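Structure data follow from final04.cif (mmCIF, C-alpha atoms):
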```cif
data_my_file
#
loop_
_atom_site.group_PDB
_atom_site.id
_atom_site.type_symbol
_atom_site.label_atom_id
_atom_site.label_comp_id
_atom_site.auth_asym_id
_atom_site.auth_seq_id
_atom_site.Cartn_x
_atom_site.Cartn_y
_atom_site.Cartn_z
ATOM 1 C CA MET A 58 1.934 -13.221 -12.084
ATOM 2 C CA ALA A 59 -0.777 -15.755 -12.501
ATOM 3 C CA LYS A 60 -3.805 -14.296 -14.251
ATOM 4 C CA THR A 61 -7.031 -15.480 -15.760
ATOM 5 C CA GLY A 62 -9.234 -13.248 -17.873
ATOM 6 C CA GLY A 63 -6.942 -10.325 -17.046
ATOM 7 C CA GLN A 64 -7.230 -10.791 -13.287
ATOM 8 C CA ILE A 65 -4.910 -12.254 -10.690
ATOM 9 C CA VAL A 66 -5.807 -15.754 -9.579
ATOM 10 C CA TYR A 67 -6.417 -15.399 -5.852
ATOM 11 C CA GLY A 68 -4.767 -18.155 -3.847
ATOM 12 C CA THR A 69 -5.399 -18.970 -0.210
ATOM 13 C CA LEU A 70 -2.637 -19.283 2.340
ATOM 14 C CA GLY A 71 -2.400 -23.011 1.764
ATOM 15 C CA ASP A 72 -1.573 -22.805 -1.934
ATOM 16 C CA THR A 73 2.165 -23.224 -1.488
ATOM 17 C CA ASP A 74 3.600 -26.604 -0.658
ATOM 18 C CA GLY A 75 4.520 -25.623 2.904
ATOM 19 C CA GLY A 76 8.249 -25.601 2.286
ATOM 20 C CA ARG A 77 10.516 -22.641 1.820
ATOM 21 C CA VAL A 78 11.233 -21.626 -1.768
ATOM 22 C CA SER A 79 13.942 -19.513 -3.352
ATOM 23 C CA PRO A 80 13.754 -15.761 -2.746
ATOM 24 C CA HIS A 81 11.589 -13.517 -4.862
ATOM 25 C CA ALA A 82 11.885 -9.754 -5.157
ATOM 26 C CA VAL A 83 9.393 -6.961 -5.714
ATOM 27 C CA ILE A 84 10.180 -3.314 -6.403
ATOM 28 C CA ASP A 85 7.062 -1.346 -5.528
ATOM 29 C CA VAL A 86 6.998 2.085 -7.188
ATOM 30 C CA GLY A 87 4.555 4.053 -5.075
ATOM 31 C CA SER A 88 3.458 7.656 -4.910
ATOM 32 C CA ASN A 89 5.699 8.521 -1.949
ATOM 33 C CA THR A 90 8.290 5.784 -1.796
ATOM 34 C CA ILE A 91 10.005 3.155 -3.904
ATOM 35 C CA HIS A 92 10.342 -0.047 -1.883
ATOM 36 C CA LEU A 93 12.384 -3.186 -2.435
ATOM 37 C CA LEU A 94 11.360 -6.390 -0.696
ATOM 38 C CA VAL A 95 13.233 -9.650 -1.124
ATOM 39 C CA GLY A 96 11.479 -12.477 0.630
ATOM 40 C CA GLU A 97 11.042 -16.215 0.912
ATOM 41 C CA VAL A 98 7.702 -17.959 1.345
ATOM 42 C CA GLU A 99 7.303 -20.475 4.125
ATOM 43 C CA ASP A 100 3.964 -21.938 5.264
ATOM 44 C CA GLY A 101 2.022 -19.231 3.458
ATOM 45 C CA ALA A 102 3.922 -16.305 4.989
ATOM 46 C CA VAL A 103 6.604 -14.049 3.537
ATOM 47 C CA LEU A 104 9.892 -14.103 5.448
ATOM 48 C CA PRO A 105 11.873 -10.965 4.588
ATOM 49 C CA VAL A 106 15.430 -11.471 3.369
ATOM 50 C CA THR A 107 16.182 -7.797 2.877
ATOM 51 C CA GLY A 108 14.348 -4.580 2.152
ATOM 52 C CA GLU A 109 15.208 -1.040 1.200
ATOM 53 C CA LYS A 110 13.297 2.115 0.430
ATOM 54 C CA VAL A 111 13.893 5.557 -0.989
ATOM 55 C CA SER A 112 11.613 8.562 -0.955
ATOM 56 C CA ALA A 113 11.107 9.574 -4.591
ATOM 57 C CA ARG A 114 7.739 11.360 -4.147
ATOM 58 C CA LEU A 115 6.680 10.596 -7.705
ATOM 59 C CA GLY A 116 3.131 11.564 -6.819
ATOM 60 C CA ALA A 117 4.029 15.100 -5.728
ATOM 61 C CA GLY A 118 1.936 17.477 -7.812
ATOM 62 C CA VAL A 119 0.389 14.781 -10.024
ATOM 63 C CA ASP A 120 -3.112 15.613 -8.838
ATOM 64 C CA GLU A 121 -2.591 19.282 -9.739
ATOM 65 C CA THR A 122 -0.540 19.056 -12.941
ATOM 66 C CA GLY A 123 -1.343 15.552 -14.167
ATOM 67 C CA SER A 124 2.356 14.742 -14.609
ATOM 68 C CA ILE A 125 5.352 13.459 -12.672
ATOM 69 C CA GLU A 126 8.007 16.141 -12.245
ATOM 70 C CA LYS A 127 10.585 15.460 -14.954
ATOM 71 C CA ALA A 128 13.561 15.676 -12.587
ATOM 72 C CA ARG A 129 12.190 12.807 -10.485
ATOM 73 C CA ILE A 130 12.082 10.308 -13.363
ATOM 74 C CA PRO A 131 15.836 9.610 -13.823
ATOM 75 C CA LEU A 132 16.355 9.566 -10.055
ATOM 76 C CA ALA A 133 13.601 6.985 -9.657
ATOM 77 C CA ALA A 134 15.069 4.894 -12.490
ATOM 78 C CA ASP A 135 18.498 4.958 -10.808
ATOM 79 C CA ALA A 136 16.950 3.794 -7.527
ATOM 80 C CA ILE A 137 15.141 0.936 -9.279
ATOM 81 C CA LYS A 138 18.379 -0.108 -10.988
ATOM 82 C CA LEU A 139 20.194 -0.146 -7.639
ATOM 83 C CA PHE A 140 17.390 -2.126 -5.992
ATOM 84 C CA ALA A 141 17.531 -4.703 -8.794
ATOM 85 C CA ARG A 142 21.252 -5.196 -8.124
ATOM 86 C CA LEU A 143 20.588 -5.575 -4.396
ATOM 87 C CA ALA A 144 17.891 -8.134 -5.145
ATOM 88 C CA ALA A 145 20.294 -10.134 -7.293
ATOM 89 C CA LEU A 146 22.921 -10.073 -4.548
ATOM 90 C CA ASN A 147 20.298 -11.607 -2.268
ATOM 91 C CA GLY A 148 19.395 -14.418 -4.628
ATOM 92 C CA ALA A 149 16.508 -12.883 -6.588
ATOM 93 C CA SER A 150 17.727 -11.997 -10.068
ATOM 94 C CA GLN A 151 14.344 -11.264 -11.670
ATOM 95 C CA PRO A 152 12.523 -8.654 -9.580
ATOM 96 C CA ALA A 153 8.975 -7.697 -10.433
ATOM 97 C CA VAL A 154 8.683 -3.922 -10.817
ATOM 98 C CA LEU A 155 5.148 -2.769 -10.034
ATOM 99 C CA ALA A 156 3.969 0.820 -10.374
ATOM 100 C CA THR A 157 0.800 2.030 -8.718
ATOM 101 C CA SER A 158 -1.383 5.113 -8.959
ATOM 102 C CA ALA A 159 1.220 7.900 -9.208
ATOM 103 C CA VAL A 160 2.702 6.415 -12.375
ATOM 104 C CA ARG A 161 -0.582 4.923 -13.583
ATOM 105 C CA ASP A 162 -2.413 8.264 -13.367
ATOM 106 C CA ALA A 163 0.348 10.516 -14.698
ATOM 107 C CA LYS A 164 0.234 11.701 -18.294
ATOM 108 C CA ASN A 165 3.982 11.041 -18.550
ATOM 109 C CA GLY A 166 3.989 7.749 -16.659
ATOM 110 C CA ARG A 167 5.285 5.965 -19.752
ATOM 111 C CA ALA A 168 8.409 8.145 -19.582
ATOM 112 C CA LEU A 169 9.353 6.453 -16.308
ATOM 113 C CA VAL A 170 8.653 3.023 -17.787
ATOM 114 C CA GLU A 171 10.946 3.785 -20.722
ATOM 115 C CA LYS A 172 13.682 5.285 -18.528
ATOM 116 C CA VAL A 173 13.745 2.213 -16.273
ATOM 117 C CA HIS A 174 14.015 -0.050 -19.324
ATOM 118 C CA GLU A 175 16.830 2.104 -20.693
ATOM 119 C CA LYS A 176 18.821 2.254 -17.451
ATOM 120 C CA ALA A 177 18.078 -1.093 -15.835
ATOM 121 C CA GLY A 178 16.755 -3.319 -18.600
ATOM 122 C CA LEU A 179 13.618 -3.974 -16.522
ATOM 123 C CA GLU A 180 9.961 -3.903 -17.472
ATOM 124 C CA VAL A 181 7.754 -1.785 -15.233
ATOM 125 C CA ARG A 182 4.205 -3.046 -14.996
ATOM 126 C CA LEU A 183 1.506 -0.460 -14.407
ATOM 127 C CA ILE A 184 -0.894 -2.449 -12.290
ATOM 128 C CA SER A 185 -4.576 -1.573 -12.219
ATOM 129 C CA GLY A 186 -6.445 -0.501 -9.115
ATOM 130 C CA ASP A 187 -8.145 -3.913 -9.059
ATOM 131 C CA GLU A 188 -4.832 -5.753 -9.189
ATOM 132 C CA GLU A 189 -3.359 -3.488 -6.533
ATOM 133 C CA ALA A 190 -6.345 -4.274 -4.321
ATOM 134 C CA LEU A 191 -6.008 -8.027 -4.809
ATOM 135 C CA LEU A 192 -2.304 -8.042 -4.009
ATOM 136 C CA GLY A 193 -2.800 -5.807 -0.986
ATOM 137 C CA PHE A 194 -5.570 -8.028 0.352
ATOM 138 C CA ARG A 195 -3.484 -11.159 0.009
ATOM 139 C CA GLY A 196 -0.479 -9.524 1.655
ATOM 140 C CA ALA A 197 -2.639 -8.340 4.558
ATOM 141 C CA VAL A 198 -4.094 -11.802 5.065
ATOM 142 C CA SER A 199 -0.641 -13.372 5.160
ATOM 143 C CA ALA A 200 0.720 -10.835 7.659
ATOM 144 C CA LEU A 201 -2.077 -11.097 10.215
ATOM 145 C CA GLY A 202 -1.108 -14.646 11.132
ATOM 146 C CA PRO A 203 -3.080 -17.734 12.104
ATOM 147 C CA ASP A 204 -4.509 -16.234 15.294
ATOM 148 C CA PHE A 205 -6.471 -13.575 13.419
ATOM 149 C CA SER A 206 -10.091 -14.665 12.886
ATOM 150 C CA TRP A 207 -11.430 -14.359 9.342
ATOM 151 C CA ASP A 208 -14.644 -16.261 10.094
ATOM 152 C CA THR A 209 -16.589 -13.243 8.848
ATOM 153 C CA PRO A 210 -15.596 -10.852 6.064
ATOM 154 C CA ALA A 211 -13.071 -8.157 6.849
ATOM 155 C CA LEU A 212 -12.425 -4.822 5.178
ATOM 156 C CA VAL A 213 -8.837 -4.186 4.113
ATOM 157 C CA VAL A 214 -7.863 -0.576 3.366
ATOM 158 C CA ASP A 215 -4.642 -0.108 1.418
ATOM 159 C CA LEU A 216 -3.903 3.599 1.838
ATOM 160 C CA GLY A 217 -1.254 4.722 -0.611
ATOM 161 C CA GLY A 218 -0.065 8.130 -1.673
ATOM 162 C CA GLY A 219 -2.284 8.517 -4.733
ATOM 163 C CA SER A 220 -5.185 6.182 -4.090
ATOM 164 C CA ALA A 221 -6.869 3.995 -1.513
ATOM 165 C CA GLN A 222 -7.943 0.460 -2.290
ATOM 166 C CA LEU A 223 -10.867 -0.913 -0.279
ATOM 167 C CA ILE A 224 -11.261 -4.680 -0.364
ATOM 168 C CA LEU A 225 -14.005 -6.656 1.356
ATOM 169 C CA GLY A 226 -13.426 -10.396 1.671
ATOM 170 C CA ASP A 227 -12.277 -13.307 3.763
ATOM 171 C CA ALA A 228 -9.226 -15.536 3.942
ATOM 172 C CA ALA A 229 -10.853 -18.618 2.455
ATOM 173 C CA ASN A 230 -12.449 -17.062 -0.635
ATOM 174 C CA GLY A 231 -10.525 -13.858 -1.198
ATOM 175 C CA PRO A 232 -12.074 -10.518 -2.126
ATOM 176 C CA ARG A 233 -15.802 -10.249 -2.813
ATOM 177 C CA GLU A 234 -15.918 -6.463 -3.334
ATOM 178 C CA ARG A 235 -13.178 -3.994 -4.194
ATOM 179 C CA VAL A 236 -12.888 -0.378 -5.242
ATOM 180 C CA SER A 237 -10.075 2.079 -5.917
ATOM 181 C CA LEU A 238 -10.694 5.657 -4.759
ATOM 182 C CA PRO A 239 -8.644 8.884 -5.187
ATOM 183 C CA LEU A 240 -8.031 9.111 -1.436
ATOM 184 C CA GLY A 241 -4.287 8.571 -1.200
ATOM 185 C CA SER A 242 -2.565 10.613 1.480
ATOM 186 C CA ASN A 243 -0.563 12.756 -0.979
ATOM 187 C CA ARG A 244 -3.644 13.533 -3.020
ATOM 188 C CA THR A 245 -5.892 14.385 -0.072
ATOM 189 C CA THR A 246 -3.180 16.542 1.480
ATOM 190 C CA GLU A 247 -2.790 18.528 -1.729
ATOM 191 C CA ARG A 248 -6.561 18.934 -2.110
ATOM 192 C CA PHE A 249 -7.677 19.569 1.448
ATOM 193 C CA VAL A 250 -4.773 20.188 3.857
ATOM 194 C CA ARG A 251 -3.212 23.131 2.129
ATOM 195 C CA ASN A 252 -1.624 24.622 5.254
ATOM 196 C CA ASP A 253 1.104 23.251 7.511
ATOM 197 C CA PRO A 254 -0.083 22.819 10.191
ATOM 198 C CA PRO A 255 -3.688 22.417 9.012
ATOM 199 C CA GLU A 256 -6.042 25.325 9.536
ATOM 200 C CA ALA A 257 -9.400 24.993 11.249
ATOM 201 C CA GLY A 258 -11.927 23.197 9.111
ATOM 202 C CA GLU A 259 -9.537 21.547 6.661
ATOM 203 C CA LEU A 260 -9.681 18.107 8.260
ATOM 204 C CA GLY A 261 -13.453 18.390 8.689
ATOM 205 C CA GLU A 262 -13.804 19.159 4.984
ATOM 206 C CA LEU A 263 -11.674 16.126 4.178
ATOM 207 C CA ARG A 264 -13.734 13.866 6.450
ATOM 208 C CA GLU A 265 -16.942 14.878 4.681
ATOM 209 C CA ALA A 266 -15.360 14.287 1.271
ATOM 210 C CA VAL A 267 -14.172 10.797 2.273
ATOM 211 C CA LEU A 268 -17.587 9.835 3.653
ATOM 212 C CA GLY A 269 -19.174 10.993 0.401
ATOM 213 C CA MET A 270 -16.928 8.779 -1.742
ATOM 214 C CA LEU A 271 -17.198 5.503 0.143
ATOM 215 C CA PRO A 272 -19.211 2.613 -1.315
ATOM 216 C CA GLU A 273 -22.547 1.549 0.160
ATOM 217 C CA TRP A 274 -21.257 -1.792 1.385
ATOM 218 C CA GLU A 275 -22.891 -3.377 4.406
ATOM 219 C CA LEU A 276 -20.433 -5.143 6.705
ATOM 220 C CA PRO A 277 -21.391 -7.609 9.419
ATOM 221 C CA GLU A 278 -21.447 -6.083 12.885
ATOM 222 C CA ASP A 279 -17.924 -5.677 14.299
ATOM 223 C CA ALA A 280 -16.308 -6.866 11.056
ATOM 224 C CA PRO A 281 -12.556 -6.162 11.307
ATOM 225 C CA VAL A 282 -11.205 -3.107 9.486
ATOM 226 C CA VAL A 283 -7.541 -3.642 8.589
ATOM 227 C CA ALA A 284 -5.258 -0.875 7.275
ATOM 228 C CA ILE A 285 -2.054 -1.451 5.325
ATOM 229 C CA GLY A 286 0.492 0.896 3.769
ATOM 230 C CA GLY A 287 3.189 3.266 4.948
ATOM 231 C CA SER A 288 0.886 5.853 6.483
ATOM 232 C CA ALA A 289 -1.017 3.171 8.384
ATOM 233 C CA ARG A 290 2.223 1.792 9.809
ATOM 234 C CA ALA A 291 3.313 5.317 10.766
ATOM 235 C CA ILE A 292 0.187 5.662 12.897
ATOM 236 C CA LEU A 293 1.606 2.983 15.183
ATOM 237 C CA ARG A 294 4.547 5.289 15.931
ATOM 238 C CA LEU A 295 2.187 8.084 16.927
ATOM 239 C CA ALA A 296 -0.594 6.234 18.720
ATOM 240 C CA ARG A 297 -0.754 5.833 22.480
ATOM 241 C CA ASP A 298 -4.125 4.096 22.645
ATOM 242 C CA GLU A 299 -6.469 1.739 20.794
ATOM 243 C CA LEU A 300 -7.294 3.018 17.300
ATOM 244 C CA THR A 301 -11.003 3.774 17.693
ATOM 245 C CA VAL A 302 -12.793 6.396 15.594
ATOM 246 C CA GLU A 303 -12.745 8.790 18.540
ATOM 247 C CA TYR A 304 -9.074 8.285 19.272
ATOM 248 C CA LEU A 305 -8.059 8.634 15.621
ATOM 249 C CA GLY A 306 -9.927 11.936 15.473
ATOM 250 C CA GLU A 307 -8.146 13.136 18.594
ATOM 251 C CA LEU A 308 -4.813 11.972 17.204
ATOM 252 C CA ALA A 309 -5.322 13.845 13.915
ATOM 253 C CA GLN A 310 -6.179 17.024 15.803
ATOM 254 C CA GLY A 311 -3.279 16.559 18.212
ATOM 255 C CA ILE A 312 -0.585 16.191 15.574
ATOM 256 C CA SER A 313 -2.139 19.069 13.614
ATOM 257 C CA ALA A 314 -1.200 21.435 16.415
ATOM 258 C CA LYS A 315 2.416 21.504 15.210
ATOM 259 C CA PRO A 316 4.183 21.895 11.858
ATOM 260 C CA SER A 317 5.058 18.659 10.093
ATOM 261 C CA ALA A 318 8.802 19.372 10.430
ATOM 262 C CA VAL A 319 8.421 19.381 14.212
ATOM 263 C CA LEU A 320 6.326 16.204 14.114
ATOM 264 C CA ALA A 321 8.961 14.506 11.953
ATOM 265 C CA ARG A 322 11.762 15.431 14.337
ATOM 266 C CA GLU A 323 9.892 14.452 17.497
ATOM 267 C CA GLU A 324 8.480 11.143 16.222
ATOM 268 C CA GLY A 325 11.255 9.982 13.906
ATOM 269 C CA LEU A 326 9.153 10.200 10.748
ATOM 270 C CA ALA A 327 10.372 11.123 7.301
ATOM 271 C CA PRO A 328 9.360 14.757 6.643
ATOM 272 C CA GLU A 329 7.229 13.820 3.641
ATOM 273 C CA ARG A 330 5.436 11.177 5.728
ATOM 274 C CA ALA A 331 4.831 13.606 8.589
ATOM 275 C CA ARG A 332 3.317 16.122 6.175
ATOM 276 C CA VAL A 333 0.558 13.724 5.063
ATOM 277 C CA MET A 334 -0.280 12.180 8.440
ATOM 278 C CA PRO A 335 -3.206 14.493 9.379
ATOM 279 C CA ALA A 336 -4.918 13.617 6.083
ATOM 280 C CA ALA A 337 -4.060 9.917 6.354
ATOM 281 C CA ILE A 338 -5.417 9.577 9.886
ATOM 282 C CA THR A 339 -8.558 11.569 9.035
ATOM 283 C CA THR A 340 -9.192 9.364 5.989
ATOM 284 C CA LEU A 341 -8.834 6.126 7.942
ATOM 285 C CA ALA A 342 -11.001 7.462 10.768
ATOM 286 C CA ALA A 343 -13.760 8.326 8.286
ATOM 287 C CA ILE A 344 -13.596 4.848 6.736
ATOM 288 C CA LEU A 345 -13.780 3.230 10.176
ATOM 289 C CA GLU A 346 -16.718 5.508 11.048
ATOM 290 C CA ARG A 347 -18.604 4.684 7.854
ATOM 291 C CA PHE A 348 -18.279 0.916 8.206
ATOM 292 C CA GLY A 349 -18.878 0.706 11.931
ATOM 293 C CA GLY A 350 -15.622 -0.909 12.982
ATOM 294 C CA SER A 351 -14.848 -0.843 16.675
ATOM 295 C CA ARG A 352 -11.158 -0.244 16.071
ATOM 296 C CA LEU A 353 -8.583 -0.073 13.308
ATOM 297 C CA ILE A 354 -6.097 -2.939 12.960
ATOM 298 C CA VAL A 355 -2.785 -2.125 11.255
ATOM 299 C CA ALA A 356 -1.123 -4.962 9.346
ATOM 300 C CA ARG A 357 2.461 -4.950 8.173
ATOM 301 C CA GLY A 358 1.781 -6.889 4.995
ATOM 302 C CA GLY A 359 0.601 -5.437 1.719
ATOM 303 C CA ILE A 360 1.124 -5.322 -2.008
ATOM 304 C CA ARG A 361 4.755 -6.453 -1.867
ATOM 305 C CA GLU A 362 3.999 -9.502 0.255
ATOM 306 C CA GLY A 363 0.994 -10.302 -1.932
ATOM 307 C CA ALA A 364 3.136 -10.116 -5.063
ATOM 308 C CA ILE A 365 5.803 -12.417 -3.597
ATOM 309 C CA LEU A 366 3.163 -14.969 -2.599
ATOM 310 C CA THR A 367 1.755 -14.867 -6.126
ATOM 311 C CA MET A 368 5.218 -15.275 -7.660
ATOM 312 C CA ALA A 369 5.879 -18.254 -5.391
ATOM 313 C CA ASP A 370 2.569 -19.798 -6.503
ATOM 314 C CA GLU A 371 3.625 -19.452 -10.131
ATOM 315 C CA VAL A 372 6.847 -21.339 -9.443
ATOM 316 C CA SER A 373 5.022 -24.022 -7.468
ATOM 317 C CA ASN A 374 2.306 -24.444 -10.075
ATOM 318 C CA GLY A 375 4.906 -24.559 -12.852
ATOM 319 C CA SER A 376 6.834 -27.285 -11.033
ATOM 320 C CA ASN A 377 3.644 -29.272 -10.429
ATOM 321 C CA SER A 378 2.616 -29.066 -14.091
ATOM 322 C CA LYS A 379 6.022 -30.304 -15.215
ATOM 323 C CA GLY A 380 5.756 -33.188 -12.776
#
```

As structure tokens:
Amino acid sequence: MAKTGGQIVYGTLGDTDGGRVSPHAVIDVGSNTIHLLVGEVEDGAVLPVTGEKVSARLGAGVDETGSIEKARIPLAADAIKLFARLAALNGASQPAVLATSAVRDAKNGRALVEKVHEKAGLEVRLISGDEEALLGFRGAVSALGPDFSWDTPALVVDLGGGSAQLILGDAANGPRERVSLPLGSNRTTERFVRNDPPEAGELGELREAVLGMLPEWELPEDAPVVAIGGSARAILRLARDELTVEYLGELAQGISAKPSAVLAREEGLAPERARVMPAAITTLAAILERFGGSRLIVARGGIREGAILTMADEVSNGSNSKG
């Protein structure tokens, strides 16, 4: 991926030549899920060719023990090998394998890197929180479409399993502020929501902890707050109203009235996703409260789309330099 001084070069939506390019593939090794996305870039947007996911839960217990459970490492490597073959069958023979906070923070994260190289012959790149934030911001921008107004800065919140990336910026200039915080939905569930369903006070304790960690950024009045990531998308399955601070608080309390297994069955969520939803919703509500957003916007783009756009830029820039 294009870098300068150790950082990704941020490109605006107009960086590509406007035409469709060959597919690119990203395997995103997250705290809850390993995702494959194969996509083509057309007019600054990622058009999915195919996608797959598997729940590996690499982040389970990392906050408590500091390590990935050993049994999960070969299973994750097998999934990555399979996803690489699927990518090749769909025209993308060189997938980028990106690992985020679960692998980055684990004492034995290198064991997964080595196992993937052994089984699949692929290099896993442990991306930093800053790089994760940049890719997530670019993917969010691309997914919101031309009708979304970025005339003023917007706050993008990439809520993962192990960490949350907060990025403040605009479409023309990219991020101006960014921070990575230990507020991923797996981590906050393990720390604060110890009972299933949550007991009284657990979500309130989490809210206070989130508010205490957030940066002292000042956003323009009514600046958009945009959430990306699997838990954010799952909120759309649960919500019946506009995602205001008040409604998100009510939603978190409402789903906390039942065990996560019941929530998963009733709403069609994966059990591991249902388990973290009270913490995820509470975290996003606290962020929206802190920064004064009128409502939360959920975007379907993120780190994978941002990575594919960056890969497409590399190809385009390489072709232009040869010309």

- Tell me which residues the PyMOL selection byres ((chain A and resi 128) around 12) grabs here, as an MDAnalysis selection string. chainID A and resid 113:115 117 124:127 129:135 168:169 172

- Starting from the displayed file, determine the output of the PyMOL selection byres ((chain A and resi 206-213) around 7) and express the residue list as a list in words. Phe194, Asp204, Phe205, Val214, Asp215, Leu223, Ile224, Leu225, Gly226, Asp227, Ala228, Ala280, Pro281, Val282, Val283 and Ala284 of chain A

Can those selected residues be exported to a file as a PDB file, in the coordinates of the input so that it contains C-alpha atoms?
```
ATOM      1  CA  PHE A 194      -5.570  -8.028   0.352  1.00  0.00           C
ATOM      2  CA  ASP A 204      -4.509 -16.234  15.294  1.00  0.00           C
ATOM      3  CA  PHE A 205      -6.471 -13.575  13.419  1.00  0.00           C
ATOM      4  CA  VAL A 214      -7.863  -0.576   3.366  1.00  0.00           C
ATOM      5  CA  ASP A 215      -4.642  -0.108   1.418  1.00  0.00           C
ATOM      6  CA  LEU A 223     -10.867  -0.913  -0.279  1.00  0.00           C
ATOM      7  CA  ILE A 224     -11.261  -4.680  -0.364  1.00  0.00           C
ATOM      8  CA  LEU A 225     -14.005  -6.656   1.356  1.00  0.00           C
ATOM      9  CA  GLY A 226     -13.426 -10.396   1.671  1.00  0.00           C
ATOM     10  CA  ASP A 227     -12.277 -13.307   3.763  1.00  0.00           C
ATOM     11  CA  ALA A 228      -9.226 -15.536   3.942  1.00  0.00           C
ATOM     12  CA  ALA A 280     -16.308  -6.866  11.056  1.00  0.00           C
ATOM     13  CA  PRO A 281     -12.556  -6.162  11.307  1.00  0.00           C
ATOM     14  CA  VAL A 282     -11.205  -3.107   9.486  1.00  0.00           C
ATOM     15  CA  VAL A 283      -7.541  -3.642   8.589  1.00  0.00           C
ATOM     16  CA  ALA A 284      -5.258  -0.875   7.275  1.00  0.00           C
TER      17      ALA A 284
END
```

- Item | atom CA of Gly311 of chain A to atom CA of Gln222 of chain A, distance in Å rounded to a single decimal | 26.5 Å

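Separating atom CA of Ser88 of chain A from atom CA of Ala356 of chain A is a distance of 19.6 Å.
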
- For the structure shown, which residues end up in the PyMOL selection byres ((chain A and resi 347) around 12)? Put them as a ChimeraX atom specification, please? /A:212,264-265,267-276,282,302,340-346,348-351

Those selected residues, please, written with C-alpha atoms and delivered as an mmCIF file, in the frame of the given file.
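And here is the file that came out, part-v9.cif:
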```
data_model
loop_
_atom_site.group_PDB
_atom_site.id
_atom_site.type_symbol
_atom_site.label_atom_id
_atom_site.label_comp_id
_atom_site.auth_asym_id
_atom_site.auth_seq_id
_atom_site.Cartn_x
_atom_site.Cartn_y
_atom_site.Cartn_z
ATOM 1 C CA LEU A 212 -12.425 -4.822 5.178
ATOM 2 C CA ARG A 264 -13.734 13.866 6.450
ATOM 3 C CA GLU A 265 -16.942 14.878 4.681
ATOM 4 C CA VAL A 267 -14.172 10.797 2.273
ATOM 5 C CA LEU A 268 -17.587 9.835 3.653
ATOM 6 C CA GLY A 269 -19.174 10.993 0.401
ATOM 7 C CA MET A 270 -16.928 8.779 -1.742
ATOM 8 C CA LEU A 271 -17.198 5.503 0.143
ATOM 9 C CA PRO A 272 -19.211 2.613 -1.315
ATOM 10 C CA GLU A 273 -22.547 1.549 0.160
ATOM 11 C CA TRP A 274 -21.257 -1.792 1.385
ATOM 12 C CA GLU A 275 -22.891 -3.377 4.406
ATOM 13 C CA LEU A 276 -20.433 -5.143 6.705
ATOM 14 C CA VAL A 282 -11.205 -3.107 9.486
ATOM 15 C CA VAL A 302 -12.793 6.396 15.594
ATOM 16 C CA THR A 340 -9.192 9.364 5.989
ATOM 17 C CA LEU A 341 -8.834 6.126 7.942
ATOM 18 C CA ALA A 342 -11.001 7.462 10.768
ATOM 19 C CA ALA A 343 -13.760 8.326 8.286
ATOM 20 C CA ILE A 344 -13.596 4.848 6.736
ATOM 21 C CA LEU A 345 -13.780 3.230 10.176
ATOM 22 C CA GLU A 346 -16.718 5.508 11.048
ATOM 23 C CA PHE A 348 -18.279 0.916 8.206
ATOM 24 C CA GLY A 349 -18.878 0.706 11.931
ATOM 25 C CA GLY A 350 -15.622 -0.909 12.982
ATOM 26 C CA SER A 351 -14.848 -0.843 16.675
#
```

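Atom CA of Gly358 of chain A lies 4.9 Å from atom CA of Ala200 of chain A.
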
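Residues surrounding segment 151-166 of chain A within 6 Å are Ala82, Val83, Ile84, Asp85, Val86, Gly87, Ser88, Gly116, Gly123, Ser124, Val181, Arg182, Leu183, Ile184 and Gly219 of chain A [only C-alpha atoms; sequence separation below 4 positions excluded].
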
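With distances taken over all atoms listed in the file, A:Arg332 is the one residue among A:Lys110, A:Arg332, A:His174, A:His92 lying closest to Asp253 of chain A.
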
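Protein and nucleic acid residues near (14.0, -4.9, -0.4) are His92, Leu93, Leu94, Val95, Thr107, Gly108, Glu109 and Ala144 of chain A, the criterion being any atom at most 7 Å away using all atoms listed in the file.
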
Write out as a CSV table (one decimal) with C-alpha atoms, in the coordinates of the input which residues come within 12 Å of Ala331 of chain A when counting all atoms listed in the file, dropping same-chain ones fewer than 6 positions away.
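Okay, out_16.csv is ready:
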```
chain,number,residue,atom,x,y,z
A,89,ASN,CA,5.7,8.5,-1.9
A,242,SER,CA,-2.6,10.6,1.5
A,243,ASN,CA,-0.6,12.8,-1.0
A,246,THR,CA,-3.2,16.5,1.5
A,253,ASP,CA,1.1,23.3,7.5
A,254,PRO,CA,-0.1,22.8,10.2
A,287,GLY,CA,3.2,3.3,4.9
A,288,SER,CA,0.9,5.9,6.5
A,289,ALA,CA,-1.0,3.2,8.4
A,291,ALA,CA,3.3,5.3,10.8
A,292,ILE,CA,0.2,5.7,12.9
A,294,ARG,CA,4.5,5.3,15.9
A,295,LEU,CA,2.2,8.1,16.9
A,309,ALA,CA,-5.3,13.8,13.9
A,312,ILE,CA,-0.6,16.2,15.6
A,313,SER,CA,-2.1,19.1,13.6
A,315,LYS,CA,2.4,21.5,15.2
A,316,PRO,CA,4.2,21.9,11.9
A,317,SER,CA,5.1,18.7,10.1
A,318,ALA,CA,8.8,19.4,10.4
A,319,VAL,CA,8.4,19.4,14.2
A,320,LEU,CA,6.3,16.2,14.1
A,321,ALA,CA,9.0,14.5,12.0
A,322,ARG,CA,11.8,15.4,14.3
A,323,GLU,CA,9.9,14.5,17.5
A,324,GLU,CA,8.5,11.1,16.2
A,325,GLY,CA,11.3,10.0,13.9
A,337,ALA,CA,-4.1,9.9,6.4
A,338,ILE,CA,-5.4,9.6,9.9
```

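Remark: for Arg248 of chain A, the closest of the candidate residues A:Ala336, A:Val355, A:Ala327, A:Ala177 is A:Ala336 (distances computed over all atoms listed in the file).
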
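Restricting the calculation to all atoms listed in the file, the smallest distance between Arg235 of chain A and any of A:Gly193, A:Gly217, A:Gly359, A:Gly178 is found for A:Gly193.
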